[in-house]
$ cat start08.txt   # compact mmCIF, C-alpha atoms and all ligand atoms
# COMPACT_ATOMS: atom_id res chain seq x y z
CA MET A 1 111.00 67.10 84.80
CA GLN A 2 112.34 70.45 85.97
CA ARG A 3 111.81 71.56 89.57
CA ARG A 4 111.52 74.98 91.20
CA ASP A 5 110.49 76.14 94.68
CA ALA A 6 107.51 78.02 93.26
CA ILE A 7 105.63 78.37 89.99
CA VAL A 8 103.75 81.62 89.39
CA VAL A 9 101.13 81.52 86.63
CA GLY A 10 100.73 84.99 85.12
CA GLY A 11 103.19 87.87 84.82
CA GLY A 12 100.88 90.84 85.46
CA PRO A 13 101.32 93.08 88.53
CA ALA A 14 100.14 90.34 90.92
CA GLY A 15 102.47 87.69 89.48
CA SER A 16 105.54 89.90 89.19
CA THR A 17 105.08 91.26 92.71
CA VAL A 18 104.75 87.86 94.40
CA ALA A 19 107.62 86.51 92.28
CA ARG A 20 109.89 89.37 93.29
CA ALA A 21 109.13 88.90 96.97
CA LEU A 22 109.76 85.14 96.81
CA VAL A 23 113.01 85.57 94.87
CA GLY A 24 114.02 88.07 97.57
CA ALA A 25 113.34 85.35 100.17
CA GLY A 26 115.78 83.05 98.38
CA LEU A 27 113.31 80.81 96.48
CA SER A 28 113.78 79.64 92.90
CA VAL A 29 110.72 80.99 91.09
CA ALA A 30 109.47 80.47 87.54
CA VAL A 31 106.85 82.85 86.13
CA LEU A 32 104.86 81.47 83.20
CA ASP A 33 102.78 83.75 81.00
CA LYS A 34 100.99 82.84 77.81
CA ARG A 35 101.87 86.18 76.24
CA SER A 36 105.25 87.44 75.10
CA PHE A 37 106.25 90.64 76.89
CA PRO A 38 105.94 93.54 76.49
CA ARG A 39 102.24 92.90 75.93
CA ASP A 40 99.09 94.99 75.95
CA LYS A 41 96.63 94.59 78.80
CA THR A 42 93.12 95.96 78.57
CA CYS A 43 93.24 98.66 81.24
CA ALA A 44 93.00 102.44 81.69
CA GLY A 45 96.47 102.33 83.24
CA TRP A 46 95.83 104.47 86.28
CA ILE A 47 97.83 103.84 89.46
CA THR A 48 97.62 105.59 92.81
CA PRO A 49 100.55 106.71 95.02
CA ALA A 50 99.76 103.68 97.24
CA VAL A 51 100.75 101.40 94.34
CA VAL A 52 103.96 103.35 93.79
CA LYS A 53 104.80 102.93 97.48
CA SER A 54 103.90 99.23 97.70
CA LEU A 55 105.99 98.49 94.62
CA ALA A 56 108.83 100.70 95.88
CA LEU A 57 108.78 102.13 92.38
CA ASP A 58 111.60 104.50 91.48
CA LEU A 59 109.55 106.96 89.44
CA GLU A 60 112.59 108.75 88.05
CA ASP A 61 114.04 105.50 86.75
CA TYR A 62 110.65 104.39 85.46
CA ALA A 63 109.95 107.64 83.61
CA ARG A 64 113.33 107.66 81.88
CA ALA A 65 112.07 105.57 78.97
CA ARG A 66 108.34 105.18 79.67
CA VAL A 67 105.14 107.19 79.83
CA LEU A 68 104.43 108.43 83.36
CA GLN A 69 101.58 110.92 83.44
CA PRO A 70 101.07 112.80 86.73
CA ILE A 71 97.38 113.39 87.58
CA ARG A 72 96.30 116.46 89.57
CA ARG A 73 92.71 117.10 88.54
CA PHE A 74 89.56 115.17 87.62
CA ARG A 75 86.57 115.95 85.41
CA ILE A 76 83.55 113.98 86.56
CA ALA A 77 79.96 113.85 85.30
CA ARG A 78 76.89 111.77 84.96
CA PHE A 79 76.86 110.88 81.26
CA GLY A 80 74.99 113.65 79.43
CA ASP A 81 75.53 116.29 82.15
CA ARG A 82 78.14 119.04 82.27
CA PRO A 83 81.33 117.77 84.01
CA VAL A 84 82.49 119.09 87.37
CA GLU A 85 86.23 119.74 87.54
CA ASN A 86 88.24 119.53 90.76
CA ASP A 87 91.82 120.57 91.34
CA HIS A 88 93.66 118.37 93.86
CA GLY A 89 96.73 120.58 94.24
CA ALA A 90 100.28 120.57 92.93
CA ALA A 91 101.40 117.11 94.11
CA PRO A 92 100.22 114.27 91.84
CA VAL A 93 97.33 112.27 93.32
CA SER A 94 97.76 109.48 90.77
CA TYR A 95 99.73 108.52 87.68
CA GLY A 96 98.92 107.26 84.23
CA ILE A 97 101.05 104.43 82.93
CA ARG A 98 100.84 102.23 79.84
CA ARG A 99 100.37 98.59 80.85
CA PHE A 100 102.45 97.63 77.81
CA GLU A 101 105.45 99.21 79.55
CA PHE A 102 104.51 98.92 83.22
CA ASP A 103 103.95 95.15 83.36
CA ASP A 104 107.11 94.46 81.38
CA TYR A 105 109.16 96.69 83.70
CA LEU A 106 107.83 94.95 86.82
CA LEU A 107 108.23 91.47 85.41
CA ARG A 108 111.86 92.01 84.38
CA ARG A 109 112.60 93.65 87.73
CA SER A 110 111.26 90.59 89.61
CA GLY A 111 114.47 88.60 89.16
CA ALA A 112 112.43 85.43 88.55
CA GLU A 113 113.04 82.99 85.74
CA LEU A 114 110.63 84.00 82.99
CA ALA A 115 108.86 81.67 80.59
CA THR A 116 106.77 84.03 78.45
CA GLY A 117 104.78 82.94 75.45
CA VAL A 118 104.05 79.74 77.41
CA ALA A 119 100.38 79.05 78.13
CA VAL A 120 99.58 76.94 81.16
CA GLU A 121 97.28 74.26 79.80
CA ARG A 122 97.63 71.36 82.20
CA ILE A 123 97.84 71.42 85.99
CA GLU A 124 98.19 68.21 88.00
CA ARG A 125 98.77 67.32 91.62
CA ARG A 126 101.44 64.63 92.02
CA GLY A 127 102.08 63.87 95.67
CA ALA A 128 103.07 67.12 97.36
CA ASP A 129 104.00 68.73 94.02
CA TRP A 130 102.14 70.65 91.38
CA VAL A 131 103.11 69.76 87.83
CA VAL A 132 102.44 72.29 85.10
CA ASN A 133 102.18 71.28 81.43
CA GLY A 134 103.70 67.94 82.39
CA GLU A 135 107.20 69.40 82.59
CA LEU A 136 107.67 71.77 85.52
CA ALA A 137 107.12 70.80 89.17
CA ALA A 138 107.01 72.77 92.44
CA PRO A 139 105.48 72.39 95.90
CA LEU A 140 103.95 75.87 95.57
CA LEU A 141 101.67 77.15 92.81
CA VAL A 142 100.56 80.78 92.72
CA GLY A 143 97.60 81.62 90.49
CA ALA A 144 98.15 85.13 89.14
CA GLY A 145 96.66 84.57 85.70
CA GLY A 146 94.01 87.28 85.90
CA HIS A 147 90.27 86.76 85.50
CA PHE A 148 90.63 83.60 83.37
CA CYS A 149 93.45 82.14 85.47
CA PRO A 150 93.85 78.39 84.89
CA VAL A 151 94.84 77.88 88.54
CA ALA A 152 91.55 79.47 89.67
CA ARG A 153 89.71 77.11 87.33
CA HIS A 154 91.67 74.16 88.69
CA LEU A 155 90.75 75.13 92.26
CA GLY A 156 87.07 75.09 91.33
CA ALA A 157 86.27 78.71 90.38
CA GLN A 158 83.28 78.94 88.04
CA VAL A 159 85.23 81.15 85.63
CA GLY A 160 82.85 82.79 83.16
CA ARG A 161 79.84 80.98 84.74
CA ALA A 162 77.74 82.06 87.73
CA GLU A 163 80.04 85.01 88.33
CA PRO A 164 78.64 88.56 88.05
CA ALA A 165 81.67 90.01 86.28
CA VAL A 166 82.33 93.56 85.11
CA GLY A 167 82.39 93.71 81.32
CA ALA A 168 84.87 96.23 79.95
CA GLN A 169 86.06 97.59 76.63
CA GLU A 170 88.92 99.91 75.91
CA PHE A 171 91.33 101.20 73.30
CA GLU A 172 94.64 102.95 73.77
CA VAL A 173 95.97 104.84 70.78
CA GLU A 174 98.79 107.26 70.05
CA MET A 175 97.92 110.69 68.70
CA THR A 176 100.01 112.24 65.95
CA PRO A 177 101.95 115.38 67.01
CA ASP A 178 99.27 117.53 65.31
CA GLU A 179 96.44 115.68 67.05
CA ALA A 180 98.24 115.91 70.38
CA ALA A 181 98.79 119.65 69.99
CA ALA A 182 95.13 120.22 69.08
CA SER A 183 93.66 117.88 71.72
CA PRO A 184 91.55 119.55 74.43
CA VAL A 185 92.14 116.50 76.68
CA ARG A 186 94.65 117.34 79.40
CA GLY A 187 97.02 114.65 80.60
CA ASP A 188 96.73 115.65 84.23
CA THR A 189 92.91 115.54 84.15
CA PRO A 190 91.24 112.16 83.55
CA GLN A 191 87.56 112.43 82.65
CA LEU A 192 85.04 110.01 84.18
CA TYR A 193 81.42 109.71 83.03
CA PHE A 194 79.03 107.68 85.16
CA ALA A 195 76.16 105.82 83.53
CA PRO A 196 72.74 107.18 84.62
CA ASP A 197 71.80 103.62 85.76
CA LEU A 198 74.99 103.62 87.90
CA ALA A 199 76.00 100.23 86.48
CA GLY A 200 79.40 101.57 85.48
CA TYR A 201 81.36 104.43 84.02
CA ALA A 202 83.33 105.42 80.95
CA TRP A 203 86.54 107.39 80.73
CA ILE A 204 88.82 109.31 78.46
CA PHE A 205 92.32 109.58 79.78
CA ARG A 206 95.40 111.07 78.16
CA LYS A 207 98.87 109.81 79.01
CA GLY A 208 101.50 111.84 77.20
CA ASP A 209 100.44 111.57 73.57
CA TRP A 210 98.40 108.42 74.19
CA LEU A 211 94.65 108.44 74.58
CA ASN A 212 92.92 105.70 76.54
CA VAL A 213 89.16 105.47 76.12
CA GLY A 214 87.08 102.81 77.84
CA ILE A 215 84.06 101.64 79.73
CA GLY A 216 83.26 99.13 82.48
CA ARG A 217 79.81 97.92 83.51
CA VAL A 218 78.59 95.34 86.01
CA GLY A 219 76.53 92.62 84.43
CA ALA A 220 78.49 92.86 81.16
CA ASP A 221 75.19 93.67 79.42
CA LYS A 222 75.19 95.82 76.27
CA VAL A 223 78.69 97.09 76.99
CA SER A 224 79.33 97.67 73.27
CA GLU A 225 76.20 99.79 72.81
CA HIS A 226 77.04 101.96 75.81
CA PHE A 227 80.61 102.31 74.57
CA ASP A 228 79.41 103.26 71.04
CA ARG A 229 77.37 106.10 72.53
CA PHE A 230 80.25 107.30 74.65
CA VAL A 231 82.79 107.22 71.82
CA GLU A 232 80.37 109.08 69.54
CA ARG A 233 79.84 111.74 72.19
CA MET A 234 83.59 112.20 72.75
CA ARG A 235 84.08 112.48 68.99
CA LYS A 236 81.32 115.10 68.68
CA GLU A 237 82.74 117.13 71.56
CA GLY A 238 86.16 117.11 69.87
CA MET A 239 87.78 115.09 72.68
CA LEU A 240 88.52 112.21 70.33
CA PRO A 241 90.09 112.91 66.94
CA GLU A 242 87.93 111.65 64.06
CA ARG A 243 90.64 109.22 62.92
CA LEU A 244 90.78 107.50 66.33
CA ALA A 245 87.06 107.05 66.95
CA GLU A 246 87.07 103.82 64.94
CA SER A 247 90.05 102.35 66.80
CA LYS A 248 90.02 98.61 67.42
CA ARG A 249 88.58 97.85 70.84
CA LYS A 250 89.72 95.23 73.29
CA GLY A 251 87.36 93.61 75.76
CA HIS A 252 87.96 91.99 79.10
CA ALA A 253 86.16 90.98 82.28
CA TYR A 254 86.94 91.02 85.97
CA LEU A 255 85.32 90.50 89.34
CA LEU A 256 84.67 93.11 91.97
CA TYR A 257 85.71 92.05 95.46
CA THR A 258 82.16 92.17 96.79
CA ASP A 259 80.96 89.72 94.10
CA ALA A 260 83.80 87.18 94.16
CA THR A 261 83.46 83.74 95.70
CA ARG A 262 86.66 82.21 94.35
CA PRO A 263 88.74 80.20 96.82
CA LEU A 264 91.84 82.02 98.02
CA VAL A 265 93.91 79.03 99.19
CA ALA A 266 94.20 75.28 98.73
CA ASP A 267 96.90 72.75 99.59
CA GLY A 268 100.09 74.12 98.04
CA ALA A 269 98.30 76.86 96.10
CA LEU A 270 96.89 80.34 96.42
CA LEU A 271 95.33 82.97 94.18
CA VAL A 272 96.33 86.63 93.94
CA GLY A 273 95.01 89.67 92.03
CA ASP A 274 92.22 89.27 89.49
CA ALA A 275 92.56 85.48 89.67
CA ALA A 276 91.07 85.79 93.16
CA GLY A 277 88.60 88.56 92.16
CA LEU A 278 89.86 91.47 94.22
CA ALA A 279 89.10 94.71 92.36
CA TYR A 280 87.71 97.57 94.44
CA PRO A 281 83.93 97.61 93.99
CA GLU A 282 83.38 101.36 93.46
CA SER A 283 86.17 102.07 90.99
CA GLY A 284 87.15 98.69 89.55
CA GLU A 285 90.75 99.53 90.46
CA GLY A 286 92.56 96.22 90.52
CA ILE A 287 96.26 97.02 90.22
CA ARG A 288 96.46 98.10 93.86
CA THR A 289 94.70 94.98 95.12
CA ALA A 290 96.78 92.80 92.79
CA VAL A 291 100.00 94.21 94.24
CA GLU A 292 98.74 94.19 97.83
CA SER A 293 97.43 90.63 97.66
CA ALA A 294 100.80 89.53 96.26
CA LEU A 295 102.59 91.20 99.18
CA LEU A 296 100.20 89.67 101.71
CA ALA A 297 100.66 86.24 100.11
CA ALA A 298 104.45 86.58 100.17
CA ARG A 299 104.39 87.46 103.89
CA VAL A 300 102.43 84.29 104.66
CA LEU A 301 104.54 82.14 102.34
CA ARG A 302 107.75 83.31 104.01
CA ALA A 303 106.35 82.28 107.39
CA CYS A 304 105.36 78.80 106.16
CA GLY A 305 108.87 77.35 106.41
CA GLY A 306 108.23 75.27 103.29
CA ASP A 307 104.99 73.71 104.60
CA TYR A 308 102.37 74.94 102.11
CA SER A 309 99.41 73.00 103.46
CA ALA A 310 96.04 74.76 103.24
CA ALA A 311 96.13 75.24 107.02
CA LYS A 312 99.48 77.04 106.79
CA LEU A 313 98.20 79.22 103.92
CA ALA A 314 94.92 80.08 105.65
CA PRO A 315 96.36 83.29 107.22
CA TYR A 316 96.54 84.68 103.66
CA ALA A 317 92.75 84.36 103.29
CA ARG A 318 92.33 85.99 106.70
CA ALA A 319 94.68 88.83 105.76
CA ILE A 320 92.65 89.51 102.60
CA GLU A 321 89.41 89.66 104.59
CA ALA A 322 90.99 91.84 107.24
CA ARG A 323 92.02 94.33 104.57
CA TYR A 324 89.07 94.31 102.15
CA GLY A 325 86.20 93.00 104.27
CA PRO A 326 84.34 89.70 104.56
CA ARG A 327 84.08 87.67 101.37
CA ARG A 328 80.86 86.47 99.85
CA ARG A 329 80.36 82.72 100.44
CA VAL A 330 77.71 82.10 97.76
CA PRO A 331 77.42 83.80 94.36
CA ALA A 332 75.01 86.75 94.05
CA ALA A 333 71.86 86.03 92.03
CA GLY A 334 72.70 88.89 89.65
CA PRO A 335 74.32 92.32 89.52
CA ALA A 336 73.25 94.71 92.28
CA LEU A 337 71.76 97.63 90.36
CA ALA A 338 70.74 100.97 91.84
CA GLY A 339 67.03 101.71 92.22
CA PRO A 340 65.30 104.91 91.00
CA ALA A 341 65.81 106.83 94.28
CA LYS A 342 69.54 106.14 94.32
CA ARG A 343 69.84 107.12 90.65
CA ALA A 344 68.00 110.40 91.22
CA LEU A 345 70.16 111.21 94.23
CA ALA A 346 73.33 110.37 92.29
CA ALA A 347 72.22 112.71 89.49
CA LEU A 348 72.09 115.57 91.99
CA LEU A 349 75.26 114.68 93.88
CA LEU A 350 77.35 114.23 90.74
CA ARG A 351 76.77 117.93 89.97
CA THR A 352 78.49 119.02 93.17
CA HIS A 353 82.17 119.70 93.83
CA TRP A 354 81.94 118.22 97.32
CA PHE A 355 80.62 114.81 96.26
CA THR A 356 82.77 114.41 93.16
CA ARG A 357 85.91 115.47 95.01
CA GLU A 358 85.52 114.01 98.50
CA ILE A 359 83.53 110.84 97.80
CA VAL A 360 84.05 109.86 94.17
CA THR A 361 87.67 110.83 93.82
CA ARG A 362 89.28 110.82 97.24
CA ARG A 363 87.34 107.93 98.74
CA TRP A 364 86.19 105.65 95.90
CA PHE A 365 89.00 106.10 93.41
CA LEU A 366 92.07 107.14 95.40
CA HIS A 367 91.27 105.27 98.63
CA GLU A 368 93.23 107.91 100.49
CA HIS A 369 91.77 106.64 103.78
CA VAL A 370 93.48 103.24 103.34
CA PRO A 371 97.21 103.41 104.18
CA PRO A 372 99.44 101.67 101.63
CA LEU A 373 101.12 98.35 102.38
CA SER A 374 104.86 98.65 102.39
CA ALA A 375 106.91 96.69 99.88
C1 LIG B 1 89.09 98.09 80.73
C2 LIG B 1 89.76 97.95 82.07
C3 LIG B 1 90.30 99.07 82.68
C4 LIG B 1 90.95 98.96 83.90
N1 LIG B 1 91.56 100.08 84.43
C5 LIG B 1 92.22 99.98 85.58
C6 LIG B 1 92.96 101.11 86.09
O1 LIG B 1 93.04 102.16 85.45
N2 LIG B 1 93.61 100.96 87.28
C7 LIG B 1 93.56 99.79 88.00
O2 LIG B 1 94.12 99.74 89.09
N3 LIG B 1 92.91 98.71 87.52
C8 LIG B 1 92.27 98.76 86.33
N4 LIG B 1 91.67 97.65 85.81
C9 LIG B 1 91.82 96.37 86.52
C10 LIG B 1 93.24 95.83 86.31
O3 LIG B 1 93.54 95.83 84.92
C11 LIG B 1 93.39 94.42 86.87
O4 LIG B 1 92.78 94.37 88.14
C12 LIG B 1 94.86 94.03 87.00
O5 LIG B 1 95.46 93.93 85.73
C13 LIG B 1 95.01 92.71 87.74
O6 LIG B 1 96.35 92.29 87.69
P1 LIG B 1 96.73 90.74 87.71
O7 LIG B 1 98.20 90.67 87.75
O8 LIG B 1 95.95 90.06 88.76
O9 LIG B 1 96.17 90.15 86.34
P2 LIG B 1 96.52 90.54 84.84
O10 LIG B 1 97.09 91.89 84.75
O11 LIG B 1 95.30 90.21 84.05
O12 LIG B 1 97.68 89.51 84.44
C14 LIG B 1 97.39 88.16 84.26
C15 LIG B 1 98.44 87.53 83.37
O13 LIG B 1 98.18 86.11 83.29
C16 LIG B 1 98.42 85.65 82.01
N5 LIG B 1 97.68 84.42 81.77
C17 LIG B 1 96.34 84.27 81.67
N6 LIG B 1 96.03 82.99 81.39
C18 LIG B 1 97.21 82.30 81.34
C19 LIG B 1 97.56 80.95 81.06
N7 LIG B 1 96.64 80.03 80.79
N8 LIG B 1 98.87 80.60 81.06
C20 LIG B 1 99.81 81.54 81.33
N9 LIG B 1 99.54 82.84 81.56
C21 LIG B 1 98.25 83.22 81.58
C22 LIG B 1 97.96 86.81 81.12
O14 LIG B 1 98.59 86.76 79.85
C23 LIG B 1 98.39 88.04 81.94
O15 LIG B 1 99.65 88.53 81.55
C24 LIG B 1 91.02 97.72 84.58
C25 LIG B 1 90.48 96.59 83.97
C26 LIG B 1 89.86 96.69 82.73
C27 LIG B 1 89.31 95.45 82.09
$ encode --input "start08.txt" --output "structure tokens"
Amino acid sequence: MQRRDAIVVGGGPAGSTVARALVGAGLSVAVLDKRSFPRDKTCAGWITPAVVKSLALDLEDYARARVLQPIRRFRIARFGDRPVENDHGAAPVSYGIRRFEFDDYLLRRSGAELATGVAVERIERRGADWVVNGELAAPLLVGAGGHFCPVARHLGAQVGRAEPAVGAQEFEVEMTPDEAAASPVRGDTPQLYFAPDLAGYAWIFRKGDWLNVGIGRVGADKVSEHFDRFVERMRKEGMLPERLAESKRKGHAYLLYTDATRPLVADGALLVGDAAGLAYPESGEGIRTAVESALLAARVLRACGGDYSAAKLAPYARAIEARYGPRRRVPAAGPALAGPAKRALAALLLRTHWFTREIVTRRWFLHEHVPPLSA
């Protein structure tokens, strides 16, 4: 049996961030991920400056060998209406990254011992230790395995059952040089199209020569049909080259913070990022909350002095509620869908520069009013 101070399950942004902070505090940390890195992750790949700050990301170093797309403008519409375009000035208000590169960069930078291509299949409690797959033991187990995290399951989360998850589909494809030159999609201008029923939105987002096209909807109902319509529309409008419209799609699910009831802490264990269900409700942005929850967890873990009892970890749950608001204690009966009055009002507001710029972009998507956590 091998022993470490901490085992982190999942090497996405939540896992790599908590691992890095714990390694920095002098702990021996093993990160286990079922995939071999670099790996794709179903995601638009949009990060805000707050994420850059919290990760203390050296953008110059990052961009040397990776796609880093500065974002300065947004095109926003209710699906079927003419988009409203807003210019946010010369300084980037966000960046486009490819998760294939971003997650690998962060994981390698963490300094933790990496066991990739290793799925966590068995989790047991033996005395004060957690034992993973019968061969690795530690007094601390961090669940950072995303929506289907095995640690969340072990702690009692009803993964895939009784959880009103967002259903999402996406593809990310590289354009040929000719397609890139002819493409009307600008890298600095992501396009967002809200569903008339306000259950979600679709996007087309260019990062260098890569196009990312996707959709997310609460309730996970008929996601494919909605995505078919969107892809067809983008193809017809010339946004999506003919050759790429049939690209293979990837699907995934995740929980919005306001819908999640997963436990945050247990004796010797805690959940961070999507494993805990932390994505911002309006935008579905989950990289920021993954990174922030990892930093908040690391702060609490450092103060524990090696005593990882649930009582000692409880300040982590309090820190999450202090930052994102009270958590739901019982699951919602179903997805909260907008009524006719709200839909009609949204149809009007989404045609205005003020609403799309100040509310949709600056407040819901960029969260400019929430100061970043420092690394
Ligand atoms: C279509 C789509 C678009 C999105 N777009 C954005 C966006 O543009 N910006 C944004 O901020 N957020 C976006 N999100 C949300 C964002 O992708 C997630 O919130 C974020 O990835 C959460 O990070 P994480 O580290 O918690 O989990 P993940 O990134 O999901 O990482 C979890 C890791 O755990 C590993 N794992 C899972 N099970 C096991 C196991 N049994 N054993 C070992 N390892 C395991 C997985 O392989 C994975 O590497 C999007 C989500 C979707 C679905």
$ residues_near_point --input "start08.txt" --point "(87.4, 89.0, 90.9)" --cutoff "12 Å" --atoms "all atoms listed in the file" --output "JSON, numbers by chain"
{"A": [144, 145, 146, 147, 148, 149, 152, 157, 158, 159, 160, 163, 164, 165, 166, 167, 218, 253, 254, 255, 256, 257, 258, 259, 260, 261, 262, 263, 264, 271, 272, 273, 274, 275, 276, 277, 278, 279, 280, 281, 284, 285, 286, 287, 289, 290, 327, 328, 331]}
$ closest_residue --input "start08.txt" --among "A:Tyr105, A:Phe74, A:Phe79, A:Phe205" --to "ligand LIG 1 (chain B)" --atoms "only C-alpha atoms and all ligand atoms"
A:Phe205
$ residues_around --input "start08.txt" --residues "segment 206-212 of chain A" --least-positions-apart "2" --cutoff "8 Å" --atoms "all atoms listed in the file" --output "PyMOL selection string"
chain A and resi 44+67-69+96-98+170-177+180+185-190+203-204+214
$ axis_aligned_box --input "start08.txt" --around "segment 141-157 of chain A" --padding-each-side "6 Å" --output "AutoDock Vina command-line options"
--center_x 94.0 --center_y 80.7 --center_z 88.1 --size_x 27.4 --size_y 25.1 --size_z 21.4
$ closest_residue --input "start08.txt" --among "A:Leu244, A:Val9, A:Leu192, A:Ala162" --to "ligand LIG 1 (chain B)" --atoms "all atoms listed in the file"
A:Val9
$ closest_residue --input "start08.txt" --among "A:Pro184, A:Gly251, A:Pro196, A:Pro92" --to "Ala168 of chain A" --atoms "all atoms listed in the file"
A:Gly251
$ residues_around --input "start08.txt" --residues "Phe365 of chain A" --least-positions-apart "3" --cutoff "8 Å" --atoms "all atoms listed in the file" --output "PyMOL selection string"
chain A and resi 282-283+285+360-362
$ closest_residue --input "start08.txt" --among "A:Asp221, A:Asp197, A:Asp103, A:Asp87" --to "Ala338 of chain A" --atoms "all atoms listed in the file"
A:Asp197
$ closest_residue --input "start08.txt" --among "A:Thr17, A:Gln169, A:Ser54, A:Asn86" --to "Val231 of chain A" --atoms "only C-alpha atoms"
A:Gln169
$ residues_around --input "start08.txt" --residues "Ser36 of chain A" --least-positions-apart "3" --cutoff "12 Å" --atoms "all atoms listed in the file" --output "list of chain:residue names"
A:Gly10, A:Gly11, A:Gly12, A:Leu32, A:Asp33, A:Arg39, A:Asp40, A:Lys41, A:Phe100, A:Asp103, A:Asp104, A:Leu107, A:Leu114, A:Ala115, A:Thr116, A:Gly117, A:Val118, A:Ala119
$ closest_residue --input "start08.txt" --among "A:His226, A:Arg4, A:Arg351, A:Lys250" --to "Ala30 of chain A" --atoms "only C-alpha atoms"
A:Arg4
$ atom_distance --input "start08.txt" --atom1 "atom C6 of ligand LIG 1 (chain B)" --atom2 "atom CA of Gly45 of chain A"
4.7 Å
$ atom_distance --input "start08.txt" --atom1 "atom CA of Leu373 of chain A" --atom2 "atom CA of Val51 of chain A"
8.6 Å
$ residues_around --input "start08.txt" --residues "segment 306-320 of chain A" --least-positions-apart "4" --cutoff "7 Å" --atoms "all atoms listed in the file" --output "list in words"
Leu140, Leu264, Val265, Ala266, Asp267, Gly268, Ser293, Leu296, Ala297, Val300 and Tyr324 of chain A
$ residues_around --input "start08.txt" --residues "Val18 of chain A" --least-positions-apart "3" --cutoff "7 Å" --atoms "only C-alpha atoms" --output "PyMOL selection string"
chain A and resi 14-15+21-22+294-295+298
$ atom_distance --input "start08.txt" --atom1 "atom CA of Arg78 of chain A" --atom2 "atom CA of Phe227 of chain A"
14.5 Å
